[in-house]
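Okay, so here's the structure we're looking at.
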Amino acid sequence: MDFPVTFQIFDHTILAHPVLETIGIFIGMRYYFYLKRKSKEKLSFNTSAAVLIGATAGALLGSKLIGNLENPDVFFNDFDFKRFWTNNTIVGGLAFGLMGVEWAKKIVGHKESTGDLIVFPLILAMMIGRIGCFLTGIHEETYGIPTNFIFGMHLGDEYLRHPVALYEIAFLMVLWIVLKIIQRKNKYPSGFVFQIFMLSYFNFRFFLDFIKPKIEIIGKLGTIQVVCLMFILYYIYAIKNTIYLMNIKNTITI
């Protein structure tokens, strides 16, 4: 296979990454609306619209902000709008998308969790997008460092590299299965599956970025890893609080 893989669309050569990223978002959204129609938890139009707008706006801003802050010197000293708009990361999208949703829920006065419904559509979209990352090779910064590991691959240069996009796809497949098992037990409160997803993914990305090229900003950590640590701590607290409240409720019921 030759990297990067490209498509010819309307006489233009387009990288696989943006094409599959767009397909992933489209399929993920269709899957979300399918699950929403089947869900017993019905949200009002105002709440649904607010959550969707908050998530989209937060994810769009966060993905680009954190993506550009991976190289702070360039961002602050040589700002370029085109580079800002084309540089993004899913970690920033998840982090700021969450904040956008919480902000939107406060505006409309909705206190219940809305996260569980988006988990599996999000995982599906991410897996499709990561196929695009893999097919782009080293043309974009979604590849691993050189390695002699058994899974090392040529991604467009002379080095064997960690195919980190494939590692992530494999991780997301396993996570899908684990979360489905948790969901089917039907004994955890709404929002718990989303919390486990977020904690698991941020942990995975924290360690994965040790085998990706990065600019170290604090010790041996890059920007994405610092963001991951912040949200790992947040979700450890959130999950402990969820389990604590669940145990109190069960004790009162008994």
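Chain labels follow the order of the structure tokens: the first chain is A, the next B, and so on; residue numbering restarts at 1 in every chain, and ligands are counted from 1 in their shown order.
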
Any chance you could tabulate, as CSV, the residues of stretch 114-222 of chain A at most 12 Å from stretch 239-250 of chain A with each one's nearest atom pair and distance in Å to one decimal, using only C-alpha atoms, in chain and rising number order?
residue,atom,partner,partner_atom,distance
A:Lys187,CA,A:Met246,CA,9.3
A:Tyr188,CA,A:Met246,CA,7.6
A:Pro189,CA,A:Met246,CA,7.3
A:Ser190,CA,A:Thr242,CA,9.6
A:Gly191,CA,A:Thr242,CA,8.9
A:Phe192,CA,A:Ile239,CA,7.2
A:Val193,CA,A:Ile239,CA,9.9
A:Phe194,CA,A:Ile239,CA,10.1
A:Gln195,CA,A:Ile239,CA,6.6
A:Ile196,CA,A:Ile239,CA,7.7
A:Phe197,CA,A:Ile239,CA,11.0
A:Met198,CA,A:Ile239,CA,10.5
A:Leu199,CA,A:Ile239,CA,8.9
A:Ser200,CA,A:Ile239,CA,11.7

| task | Tell me which protein, DNA and RNA residues are within 10 Å of stretch 204-219 of chain A, counting only C-alpha atoms, leaving out same-chain ones fewer than 4 positions away, and put them as a count of residues only. | result | 34

Considering only C-alpha atoms, return as an mmCIF file with C-alpha atoms, in the first residue's frame whatever protein or nucleic-acid residues lie within 7 Å of A:Gly137, sequence-local ones (same chain, fewer than 5 positions apart) excluded.
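Here's the written file result.cif:
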data_model
loop_
_atom_site.group_PDB
_atom_site.id
_atom_site.type_symbol
_atom_site.label_atom_id
_atom_site.label_comp_id
_atom_site.auth_asym_id
_atom_site.auth_seq_id
_atom_site.Cartn_x
_atom_site.Cartn_y
_atom_site.Cartn_z
ATOM 1 C CA PHE A 3 0.725 6.304 1.602
ATOM 2 C CA PRO A 4 -1.038 8.660 1.652
ATOM 3 C CA TYR A 143 1.289 8.502 13.102
ATOM 4 C CA LEU A 155 3.603 4.596 6.613
ATOM 5 C CA GLY A 156 5.224 6.616 3.872
#

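Straight-line separation from atom CA of A:Val101 to atom CA of A:Leu20: 25.2 Å.
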
Can you build me a table of stretch 25-90 of chain A residues sitting at most 8 Å from stretch 113-133 of chain A, with the closest atom pair per residue and its distance in Å to one decimal, using only C-alpha atoms, sorted by chain and residue number, as CSV?
residue,atom,partner,partner_atom,distance
A:Ile25,CA,A:Ala125,CA,5.4
A:Phe26,CA,A:Ala125,CA,7.9
A:Ile27,CA,A:Ala125,CA,6.8
A:Gly28,CA,A:Pro121,CA,4.5
A:Met29,CA,A:Pro121,CA,6.7
A:Tyr31,CA,A:Pro121,CA,5.7
A:Tyr32,CA,A:Pro121,CA,5.5
A:Leu35,CA,A:Leu117,CA,6.9
A:Lys36,CA,A:Leu117,CA,7.0

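Assigned to strand (DSSP E or B) in stretch 1-239 of chain A, given DSSP computed from backbone atoms, are A:Thr6, A:Phe7, A:Gln8, A:Ile9, A:His12, A:Thr13, A:Ile14, A:Leu15, A:Pro146, A:Met153, A:His154, A:Leu160, A:Arg161, A:Ile218, A:Leu221.
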
C-alpha atoms of the current selection, written as a PDB file, in the first residue's frame:
ATOM      1  CA  THR A   6      -6.171   9.714  -1.849  1.00  0.00           C
ATOM      2  CA  PHE A   7      -9.509   9.919  -3.660  1.00  0.00           C
ATOM      3  CA  GLN A   8     -10.393  11.721  -6.861  1.00  0.00           C
ATOM      4  CA  ILE A   9     -13.546  13.758  -6.186  1.00  0.00           C
ATOM      5  CA  HIS A  12      -9.738  17.161  -7.072  1.00  0.00           C
ATOM      6  CA  THR A  13      -7.284  14.938  -5.183  1.00  0.00           C
ATOM      7  CA  ILE A  14      -8.509  14.584  -1.601  1.00  0.00           C
ATOM      8  CA  LEU A  15      -6.719  12.841   1.272  1.00  0.00           C
ATOM      9  CA  PRO A 146       9.790   4.745  14.738  1.00  0.00           C
ATOM     10  CA  MET A 153       4.695  -0.518   9.588  1.00  0.00           C
ATOM     11  CA  HIS A 154       5.995   1.654   6.775  1.00  0.00           C
ATOM     12  CA  LEU A 160       8.906   1.311  10.637  1.00  0.00           C
ATOM     13  CA  ARG A 161       6.403   3.177  12.800  1.00  0.00           C
ATOM     14  CA  ILE A 218       5.467  19.828  31.033  1.00  0.00           C
ATOM     15  CA  LEU A 221       4.089  15.353  28.562  1.00  0.00           C
TER      16      LEU A 221
END

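Excluding A:Thr47 itself and any same-chain residue fewer than 3 positions from it, the protein and nucleic acid residues within 8 Å of it, counting only C-alpha atoms, are A:Leu43, A:Ser44, A:Ala50, A:Val51, A:Lys105, A:Val108, A:His110.
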
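Distance check against A:Leu94 using only C-alpha atoms: of A:Gly109, A:Gly24, A:Gly67, A:Gly62, the minimum falls on A:Gly62.
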
| note | note - atom CA of A:Thr86 and atom CA of A:Phe134 are separated by 17.5 Å

Taking the DSSP assignment computed from this structure's backbone, write out as a compact mmCIF listing (two decimals) with N, CA, C and O atoms, in the first residue's frame all residues of stretch 23-192 of chain A that belong to alpha helix (DSSP H).
# COMPACT_ATOMS: atom_id res chain seq x y z
N ILE A 23 -17.43 10.97 6.45
CA ILE A 23 -18.31 9.78 6.40
C ILE A 23 -18.60 9.29 7.82
O ILE A 23 -19.74 8.94 8.15
N GLY A 24 -17.56 9.27 8.66
CA GLY A 24 -17.73 8.83 10.05
C GLY A 24 -18.72 9.69 10.81
O GLY A 24 -19.58 9.18 11.54
N ILE A 25 -18.61 11.01 10.65
CA ILE A 25 -19.53 11.93 11.32
C ILE A 25 -20.96 11.70 10.83
O ILE A 25 -21.91 11.65 11.62
N PHE A 26 -21.12 11.53 9.51
CA PHE A 26 -22.45 11.33 8.94
C PHE A 26 -23.08 10.04 9.46
O PHE A 26 -24.23 10.03 9.92
N ILE A 27 -22.33 8.94 9.41
CA ILE A 27 -22.86 7.65 9.86
C ILE A 27 -23.13 7.68 11.36
O ILE A 27 -24.14 7.17 11.84
N GLY A 28 -22.20 8.29 12.12
CA GLY A 28 -22.38 8.40 13.56
C GLY A 28 -23.64 9.17 13.91
O GLY A 28 -24.40 8.77 14.81
N MET A 29 -23.91 10.27 13.21
CA MET A 29 -25.11 11.06 13.48
C MET A 29 -26.38 10.29 13.11
O MET A 29 -27.38 10.33 13.84
N ARG A 30 -26.35 9.56 11.99
CA ARG A 30 -27.51 8.75 11.61
C ARG A 30 -27.78 7.67 12.66
O ARG A 30 -28.94 7.38 12.99
N TYR A 31 -26.72 7.06 13.16
CA TYR A 31 -26.87 6.04 14.19
C TYR A 31 -27.42 6.65 15.47
O TYR A 31 -28.28 6.06 16.15
N TYR A 32 -26.95 7.86 15.82
CA TYR A 32 -27.45 8.55 17.01
C TYR A 32 -28.95 8.82 16.91
O TYR A 32 -29.70 8.54 17.84
N PHE A 33 -29.40 9.34 15.75
CA PHE A 33 -30.83 9.63 15.59
C PHE A 33 -31.66 8.35 15.59
O PHE A 33 -32.81 8.35 16.05
N TYR A 34 -31.07 7.25 15.09
CA TYR A 34 -31.76 5.96 15.14
C TYR A 34 -31.95 5.51 16.59
O TYR A 34 -33.05 5.10 16.99
N LEU A 35 -30.89 5.61 17.40
CA LEU A 35 -30.98 5.23 18.81
C LEU A 35 -31.92 6.18 19.56
O LEU A 35 -32.63 5.74 20.48
N LYS A 36 -31.91 7.44 19.19
CA LYS A 36 -32.76 8.43 19.86
C LYS A 36 -34.24 8.10 19.63
O LYS A 36 -35.06 8.24 20.55
N ARG A 37 -34.58 7.67 18.43
CA ARG A 37 -35.97 7.31 18.14
C ARG A 37 -36.40 6.09 18.96
O ARG A 37 -37.57 5.97 19.35
N LYS A 38 -35.47 5.17 19.22
CA LYS A 38 -35.79 3.95 19.96
C LYS A 38 -35.75 4.15 21.47
O LYS A 38 -36.29 3.33 22.22
N PHE A 45 -37.78 19.14 22.33
CA PHE A 45 -37.06 19.69 21.18
C PHE A 45 -36.03 20.72 21.63
O PHE A 45 -34.89 20.73 21.13
N ASN A 46 -36.40 21.59 22.59
CA ASN A 46 -35.47 22.61 23.06
C ASN A 46 -34.22 22.01 23.69
O ASN A 46 -33.10 22.46 23.45
N THR A 47 -34.42 20.96 24.49
CA THR A 47 -33.27 20.31 25.13
C THR A 47 -32.39 19.62 24.10
O THR A 47 -31.16 19.75 24.14
N SER A 48 -33.01 18.89 23.18
CA SER A 48 -32.24 18.19 22.14
C SER A 48 -31.44 19.18 21.30
O SER A 48 -30.26 18.95 21.00
N ALA A 49 -32.09 20.27 20.90
CA ALA A 49 -31.42 21.27 20.07
C ALA A 49 -30.27 21.92 20.83
O ALA A 49 -29.18 22.13 20.29
N ALA A 50 -30.51 22.25 22.11
CA ALA A 50 -29.47 22.89 22.91
C ALA A 50 -28.26 21.98 23.09
O ALA A 50 -27.11 22.41 22.97
N VAL A 51 -28.53 20.69 23.37
CA VAL A 51 -27.43 19.73 23.56
C VAL A 51 -26.64 19.56 22.27
O VAL A 51 -25.40 19.55 22.29
N LEU A 52 -27.35 19.45 21.14
CA LEU A 52 -26.67 19.27 19.85
C LEU A 52 -25.82 20.49 19.50
O LEU A 52 -24.67 20.36 19.07
N ILE A 53 -26.37 21.69 19.71
CA ILE A 53 -25.63 22.91 19.40
C ILE A 53 -24.44 23.06 20.34
O ILE A 53 -23.32 23.39 19.91
N GLY A 54 -24.66 22.79 21.64
CA GLY A 54 -23.56 22.90 22.60
C GLY A 54 -22.44 21.93 22.31
O GLY A 54 -21.25 22.30 22.36
N ALA A 55 -22.79 20.69 21.98
CA ALA A 55 -21.79 19.68 21.68
C ALA A 55 -21.02 20.03 20.42
O ALA A 55 -19.78 19.92 20.38
N THR A 56 -21.72 20.46 19.38
CA THR A 56 -21.08 20.78 18.10
C THR A 56 -20.15 21.98 18.23
O THR A 56 -19.00 21.94 17.79
N ALA A 57 -20.65 23.05 18.85
CA ALA A 57 -19.84 24.26 19.01
C ALA A 57 -18.62 23.99 19.89
O ALA A 57 -17.50 24.41 19.57
N GLY A 58 -18.84 23.29 21.00
CA GLY A 58 -17.72 23.00 21.90
C GLY A 58 -16.68 22.11 21.25
O GLY A 58 -15.47 22.35 21.36
N ALA A 59 -17.15 21.06 20.56
CA ALA A 59 -16.22 20.12 19.92
C ALA A 59 -15.43 20.80 18.80
O ALA A 59 -14.23 20.57 18.64
N LEU A 60 -16.10 21.65 18.03
CA LEU A 60 -15.43 22.35 16.92
C LEU A 60 -14.33 23.26 17.45
O LEU A 60 -13.19 23.23 16.97
N LEU A 61 -14.67 24.06 18.46
CA LEU A 61 -13.67 24.97 19.03
C LEU A 61 -12.56 24.21 19.73
O LEU A 61 -11.37 24.47 19.52
N GLY A 62 -12.95 23.24 20.56
CA GLY A 62 -11.95 22.51 21.36
C GLY A 62 -11.00 21.70 20.53
O GLY A 62 -9.80 21.65 20.82
N SER A 63 -11.50 21.04 19.48
CA SER A 63 -10.63 20.20 18.65
C SER A 63 -9.54 21.04 18.00
O SER A 63 -8.38 20.62 17.91
N LYS A 64 -9.90 22.24 17.58
CA LYS A 64 -8.93 23.10 16.90
C LYS A 64 -8.01 23.80 17.89
O LYS A 64 -6.80 23.94 17.64
N LEU A 65 -8.55 24.24 19.03
CA LEU A 65 -7.73 24.92 20.02
C LEU A 65 -6.67 23.99 20.59
O LEU A 65 -5.48 24.33 20.62
N ILE A 66 -7.06 22.81 21.05
CA ILE A 66 -6.10 21.87 21.63
C ILE A 66 -5.17 21.34 20.55
O ILE A 66 -3.96 21.16 20.79
N GLY A 67 -5.68 21.13 19.34
CA GLY A 67 -4.83 20.68 18.25
C GLY A 67 -3.72 21.68 17.95
O GLY A 67 -2.57 21.29 17.71
N ASN A 68 -4.04 22.97 17.99
CA ASN A 68 -3.02 23.99 17.72
C ASN A 68 -2.09 24.21 18.92
O ASN A 68 -0.93 24.57 18.74
N LEU A 69 -2.60 23.99 20.12
CA LEU A 69 -1.76 24.15 21.31
C LEU A 69 -0.77 23.00 21.49
O LEU A 69 0.05 23.04 22.40
N PRO A 72 2.73 25.13 21.02
CA PRO A 72 2.40 26.47 21.54
C PRO A 72 3.21 27.60 20.90
O PRO A 72 2.67 28.69 20.68
N ASP A 73 4.48 27.35 20.61
CA ASP A 73 5.32 28.41 20.04
C ASP A 73 4.77 28.89 18.70
O ASP A 73 4.69 30.10 18.43
N VAL A 74 4.41 27.95 17.84
CA VAL A 74 3.86 28.31 16.54
C VAL A 74 2.51 29.00 16.70
O VAL A 74 2.21 29.99 16.03
N PHE A 75 1.69 28.49 17.60
CA PHE A 75 0.35 29.05 17.80
C PHE A 75 0.41 30.51 18.25
O PHE A 75 -0.32 31.36 17.74
N PHE A 76 1.29 30.81 19.23
CA PHE A 76 1.33 32.16 19.79
C PHE A 76 2.22 33.11 19.01
O PHE A 76 1.98 34.31 18.98
N ASN A 77 3.27 32.58 18.39
CA ASN A 77 4.23 33.47 17.73
C ASN A 77 4.09 33.56 16.22
O ASN A 77 4.64 34.47 15.59
N PHE A 81 -4.49 31.53 10.34
CA PHE A 81 -5.87 31.07 10.46
C PHE A 81 -6.10 29.76 9.72
O PHE A 81 -6.80 28.88 10.20
N LYS A 82 -5.53 29.61 8.55
CA LYS A 82 -5.71 28.38 7.77
C LYS A 82 -5.16 27.19 8.54
O LYS A 82 -5.79 26.12 8.59
N ARG A 83 -3.97 27.36 9.14
CA ARG A 83 -3.39 26.27 9.92
C ARG A 83 -4.26 25.98 11.14
O ARG A 83 -4.47 24.82 11.51
N PHE A 84 -4.77 27.04 11.78
CA PHE A 84 -5.64 26.87 12.95
C PHE A 84 -6.87 26.05 12.58
O PHE A 84 -7.28 25.15 13.31
N TRP A 85 -7.48 26.37 11.43
CA TRP A 85 -8.73 25.72 11.05
C TRP A 85 -8.54 24.26 10.65
O TRP A 85 -9.44 23.44 10.84
N THR A 86 -7.38 23.92 10.11
CA THR A 86 -7.16 22.56 9.63
C THR A 86 -6.52 21.65 10.67
O THR A 86 -6.44 20.44 10.47
N ILE A 90 -9.26 14.91 18.41
CA ILE A 90 -10.48 14.39 19.02
C ILE A 90 -10.50 14.62 20.52
O ILE A 90 -11.56 14.79 21.14
N VAL A 91 -9.32 14.66 21.16
CA VAL A 91 -9.25 14.90 22.60
C VAL A 91 -9.85 16.26 22.94
O VAL A 91 -10.67 16.39 23.87
N GLY A 92 -9.46 17.28 22.20
CA GLY A 92 -10.04 18.60 22.42
C GLY A 92 -11.52 18.62 22.11
O GLY A 92 -12.31 19.29 22.80
N GLY A 93 -11.92 17.89 21.06
CA GLY A 93 -13.34 17.83 20.70
C GLY A 93 -14.18 17.21 21.81
O GLY A 93 -15.25 17.72 22.15
N LEU A 94 -13.70 16.12 22.40
CA LEU A 94 -14.42 15.47 23.49
C LEU A 94 -14.49 16.36 24.72
O LEU A 94 -15.55 16.51 25.35
N ALA A 95 -13.35 16.96 25.08
CA ALA A 95 -13.27 17.78 26.28
C ALA A 95 -14.18 19.00 26.18
O ALA A 95 -15.01 19.26 27.06
N PHE A 96 -14.06 19.75 25.11
CA PHE A 96 -14.85 20.97 24.96
C PHE A 96 -16.29 20.67 24.55
O PHE A 96 -17.19 21.45 24.85
N GLY A 97 -16.50 19.55 23.86
CA GLY A 97 -17.86 19.14 23.54
C GLY A 97 -18.65 18.88 24.82
O GLY A 97 -19.82 19.26 24.94
N LEU A 98 -18.00 18.22 25.79
CA LEU A 98 -18.63 17.98 27.09
C LEU A 98 -18.99 19.30 27.76
O LEU A 98 -20.11 19.47 28.26
N MET A 99 -18.05 20.24 27.76
CA MET A 99 -18.32 21.53 28.40
C MET A 99 -19.45 22.28 27.69
O MET A 99 -20.27 22.94 28.32
N GLY A 100 -19.48 22.15 26.35
CA GLY A 100 -20.54 22.79 25.59
C GLY A 100 -21.91 22.22 25.93
O GLY A 100 -22.89 22.96 26.07
N VAL A 101 -21.98 20.91 26.11
CA VAL A 101 -23.25 20.26 26.46
C VAL A 101 -23.71 20.70 27.85
O VAL A 101 -24.89 21.02 28.06
N GLU A 102 -22.78 20.69 28.81
CA GLU A 102 -23.14 21.07 30.18
C GLU A 102 -23.61 22.52 30.24
O GLU A 102 -24.56 22.85 30.95
N TRP A 103 -22.95 23.38 29.48
CA TRP A 103 -23.35 24.79 29.41
C TRP A 103 -24.75 24.92 28.80
O TRP A 103 -25.60 25.66 29.29
N ALA A 104 -25.00 24.17 27.73
CA ALA A 104 -26.30 24.22 27.06
C ALA A 104 -27.40 23.69 27.97
O ALA A 104 -28.51 24.24 28.01
N LYS A 105 -27.12 22.64 28.73
CA LYS A 105 -28.11 22.06 29.64
C LYS A 105 -28.49 23.04 30.75
O LYS A 105 -29.65 23.11 31.16
N LYS A 106 -27.53 23.80 31.21
CA LYS A 106 -27.82 24.79 32.24
C LYS A 106 -28.73 25.88 31.70
O LYS A 106 -29.61 26.38 32.40
N ILE A 107 -28.53 26.25 30.45
CA ILE A 107 -29.35 27.30 29.84
C ILE A 107 -30.82 26.88 29.76
O ILE A 107 -31.73 27.67 30.06
N VAL A 108 -31.05 25.62 29.38
CA VAL A 108 -32.45 25.15 29.23
C VAL A 108 -32.98 24.51 30.50
O VAL A 108 -34.14 24.08 30.55
N ASP A 116 -25.22 8.96 27.55
CA ASP A 116 -25.19 7.55 27.18
C ASP A 116 -25.58 7.31 25.72
O ASP A 116 -25.04 6.44 25.05
N LEU A 117 -26.54 8.07 25.24
CA LEU A 117 -27.08 7.86 23.90
C LEU A 117 -26.05 8.12 22.80
O LEU A 117 -26.12 7.54 21.72
N ILE A 118 -25.08 8.99 23.09
CA ILE A 118 -24.11 9.37 22.06
C ILE A 118 -22.88 8.48 22.05
O ILE A 118 -22.08 8.52 21.11
N VAL A 119 -22.71 7.64 23.08
CA VAL A 119 -21.46 6.89 23.24
C VAL A 119 -21.16 6.01 22.03
O VAL A 119 -20.07 6.11 21.43
N PHE A 120 -22.08 5.14 21.65
CA PHE A 120 -21.78 4.18 20.58
C PHE A 120 -21.73 4.84 19.19
O PHE A 120 -20.88 4.47 18.37
N PRO A 121 -22.60 5.81 18.90
CA PRO A 121 -22.41 6.55 17.65
C PRO A 121 -21.06 7.26 17.59
O PRO A 121 -20.43 7.32 16.53
N LEU A 122 -20.61 7.78 18.74
CA LEU A 122 -19.33 8.46 18.79
C LEU A 122 -18.18 7.49 18.54
O LEU A 122 -17.24 7.78 17.78
N ILE A 123 -18.24 6.32 19.17
CA ILE A 123 -17.20 5.32 18.96
C ILE A 123 -17.15 4.90 17.49
O ILE A 123 -16.08 4.76 16.90
N LEU A 124 -18.32 4.69 16.90
CA LEU A 124 -18.40 4.30 15.49
C LEU A 124 -17.77 5.36 14.59
O LEU A 124 -16.96 5.05 13.70
N ALA A 125 -18.12 6.63 14.83
CA ALA A 125 -17.56 7.72 14.03
C ALA A 125 -16.04 7.81 14.21
O ALA A 125 -15.30 8.04 13.25
N MET A 126 -15.57 7.61 15.43
CA MET A 126 -14.13 7.68 15.70
C MET A 126 -13.38 6.56 14.98
O MET A 126 -12.29 6.79 14.43
N MET A 127 -13.95 5.36 14.98
CA MET A 127 -13.28 4.24 14.30
C MET A 127 -13.16 4.49 12.80
O MET A 127 -12.11 4.23 12.20
N ILE A 128 -14.24 4.99 12.20
CA ILE A 128 -14.20 5.28 10.76
C ILE A 128 -13.18 6.39 10.48
O ILE A 128 -12.39 6.31 9.53
N GLY A 129 -13.17 7.41 11.33
CA GLY A 129 -12.20 8.49 11.17
C GLY A 129 -10.77 8.02 11.30
O GLY A 129 -9.88 8.47 10.57
N ARG A 130 -10.53 7.08 12.22
CA ARG A 130 -9.17 6.57 12.42
C ARG A 130 -8.69 5.72 11.23
O ARG A 130 -7.50 5.62 10.98
N ILE A 131 -9.61 5.12 10.51
CA ILE A 131 -9.22 4.44 9.27
C ILE A 131 -8.62 5.47 8.32
O ILE A 131 -7.59 5.23 7.67
N GLY A 132 -9.25 6.65 8.25
CA GLY A 132 -8.72 7.73 7.43
C GLY A 132 -7.36 8.20 7.91
O GLY A 132 -6.47 8.48 7.10
N CYS A 133 -7.18 8.28 9.24
CA CYS A 133 -5.87 8.66 9.79
C CYS A 133 -4.79 7.67 9.36
O CYS A 133 -3.69 8.08 8.94
N PHE A 134 -5.11 6.39 9.45
CA PHE A 134 -4.14 5.36 9.07
C PHE A 134 -3.78 5.47 7.59
O PHE A 134 -2.59 5.43 7.22
N LEU A 135 -4.78 5.66 6.73
CA LEU A 135 -4.54 5.72 5.28
C LEU A 135 -3.78 6.97 4.87
O LEU A 135 -3.21 7.02 3.77
N THR A 136 -3.74 7.98 5.74
CA THR A 136 -3.02 9.21 5.43
C THR A 136 -1.53 9.08 5.71
O THR A 136 -0.73 9.88 5.24
N VAL A 164 -0.46 3.88 15.17
CA VAL A 164 -1.28 4.24 16.34
C VAL A 164 -2.77 4.31 16.00
O VAL A 164 -3.61 4.06 16.88
N ALA A 165 -3.11 4.63 14.76
CA ALA A 165 -4.52 4.68 14.38
C ALA A 165 -5.15 3.28 14.48
O ALA A 165 -6.29 3.13 14.92
N LEU A 166 -4.39 2.25 14.09
CA LEU A 166 -4.90 0.88 14.18
C LEU A 166 -4.99 0.45 15.64
O LEU A 166 -5.94 -0.27 16.01
N TYR A 167 -4.02 0.87 16.47
CA TYR A 167 -4.11 0.58 17.90
C TYR A 167 -5.40 1.15 18.47
O TYR A 167 -6.08 0.51 19.27
N GLU A 168 -5.72 2.37 18.06
CA GLU A 168 -6.91 3.03 18.60
C GLU A 168 -8.18 2.34 18.13
O GLU A 168 -9.13 2.19 18.92
N ILE A 169 -8.21 1.92 16.89
CA ILE A 169 -9.39 1.20 16.38
C ILE A 169 -9.60 -0.08 17.18
O ILE A 169 -10.73 -0.41 17.58
N ALA A 170 -8.51 -0.82 17.44
CA ALA A 170 -8.61 -2.05 18.22
C ALA A 170 -9.11 -1.75 19.64
O ALA A 170 -9.97 -2.48 20.17
N PHE A 171 -8.58 -0.70 20.24
CA PHE A 171 -9.01 -0.32 21.59
C PHE A 171 -10.50 0.02 21.60
O PHE A 171 -11.24 -0.40 22.50
N LEU A 172 -10.95 0.79 20.62
CA LEU A 172 -12.35 1.20 20.57
C LEU A 172 -13.28 0.01 20.36
O LEU A 172 -14.40 -0.02 20.88
N MET A 173 -12.83 -0.99 19.59
CA MET A 173 -13.64 -2.20 19.40
C MET A 173 -13.83 -2.92 20.73
O MET A 173 -14.95 -3.34 21.08
N VAL A 174 -12.75 -3.07 21.48
CA VAL A 174 -12.83 -3.73 22.80
C VAL A 174 -13.69 -2.91 23.74
O VAL A 174 -14.54 -3.45 24.47
N LEU A 175 -13.51 -1.59 23.73
CA LEU A 175 -14.29 -0.72 24.60
C LEU A 175 -15.78 -0.82 24.28
O LEU A 175 -16.62 -0.80 25.18
N TRP A 176 -16.11 -0.89 23.00
CA TRP A 176 -17.52 -1.05 22.57
C TRP A 176 -18.14 -2.27 23.25
O TRP A 176 -19.24 -2.20 23.81
N ILE A 177 -17.42 -3.41 23.20
CA ILE A 177 -17.92 -4.65 23.79
C ILE A 177 -18.10 -4.50 25.29
O ILE A 177 -19.14 -4.89 25.86
N VAL A 178 -17.10 -3.94 25.97
CA VAL A 178 -17.17 -3.77 27.43
C VAL A 178 -18.33 -2.87 27.82
O VAL A 178 -19.09 -3.17 28.75
N LEU A 179 -18.50 -1.76 27.10
CA LEU A 179 -19.58 -0.82 27.43
C LEU A 179 -20.95 -1.43 27.15
O LEU A 179 -21.92 -1.15 27.88
N LYS A 180 -21.06 -2.27 26.12
CA LYS A 180 -22.33 -2.95 25.85
C LYS A 180 -22.68 -3.89 27.00
O LYS A 180 -23.85 -4.01 27.39
N ILE A 181 -21.67 -4.56 27.53
CA ILE A 181 -21.91 -5.46 28.68
C ILE A 181 -22.39 -4.67 29.87
O ILE A 181 -23.35 -5.06 30.57
N ILE A 182 -21.74 -3.53 30.15
CA ILE A 182 -22.16 -2.67 31.26
C ILE A 182 -23.57 -2.17 31.04
O ILE A 182 -24.41 -2.17 31.97
N GLN A 183 -23.87 -1.75 29.83
CA GLN A 183 -25.19 -1.20 29.51
C GLN A 183 -26.28 -2.24 29.69
O GLN A 183 -27.37 -1.95 30.21
N ARG A 184 -26.03 -3.49 29.28
CA ARG A 184 -27.04 -4.54 29.35
C ARG A 184 -27.35 -4.97 30.78
O ARG A 184 -28.40 -5.56 31.04
N LYS A 185 -26.43 -4.72 31.71
CA LYS A 185 -26.71 -5.04 33.11
C LYS A 185 -27.84 -4.20 33.65
O LYS A 185 -28.52 -4.59 34.60
N PHE A 192 -23.72 6.82 33.29
CA PHE A 192 -22.58 6.03 33.78
C PHE A 192 -21.75 5.47 32.62
O PHE A 192 -20.52 5.48 32.67

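Each of A:Phe79, A:Glu41, A:Asn87, A:Asn148 was compared to A:Pro18 using only C-alpha atoms, and A:Asn87 turns out to be the nearest.
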
| query | atom CA of A:Val5 and atom CA of A:Gly152 are how many Å apart? | reply | 18.5 Å

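With only C-alpha atoms as the basis for measurement, A:Phe202 is the residue among A:Asp11, A:Phe202, A:Glu158, A:Gly222 that approaches A:Tyr234 most closely.
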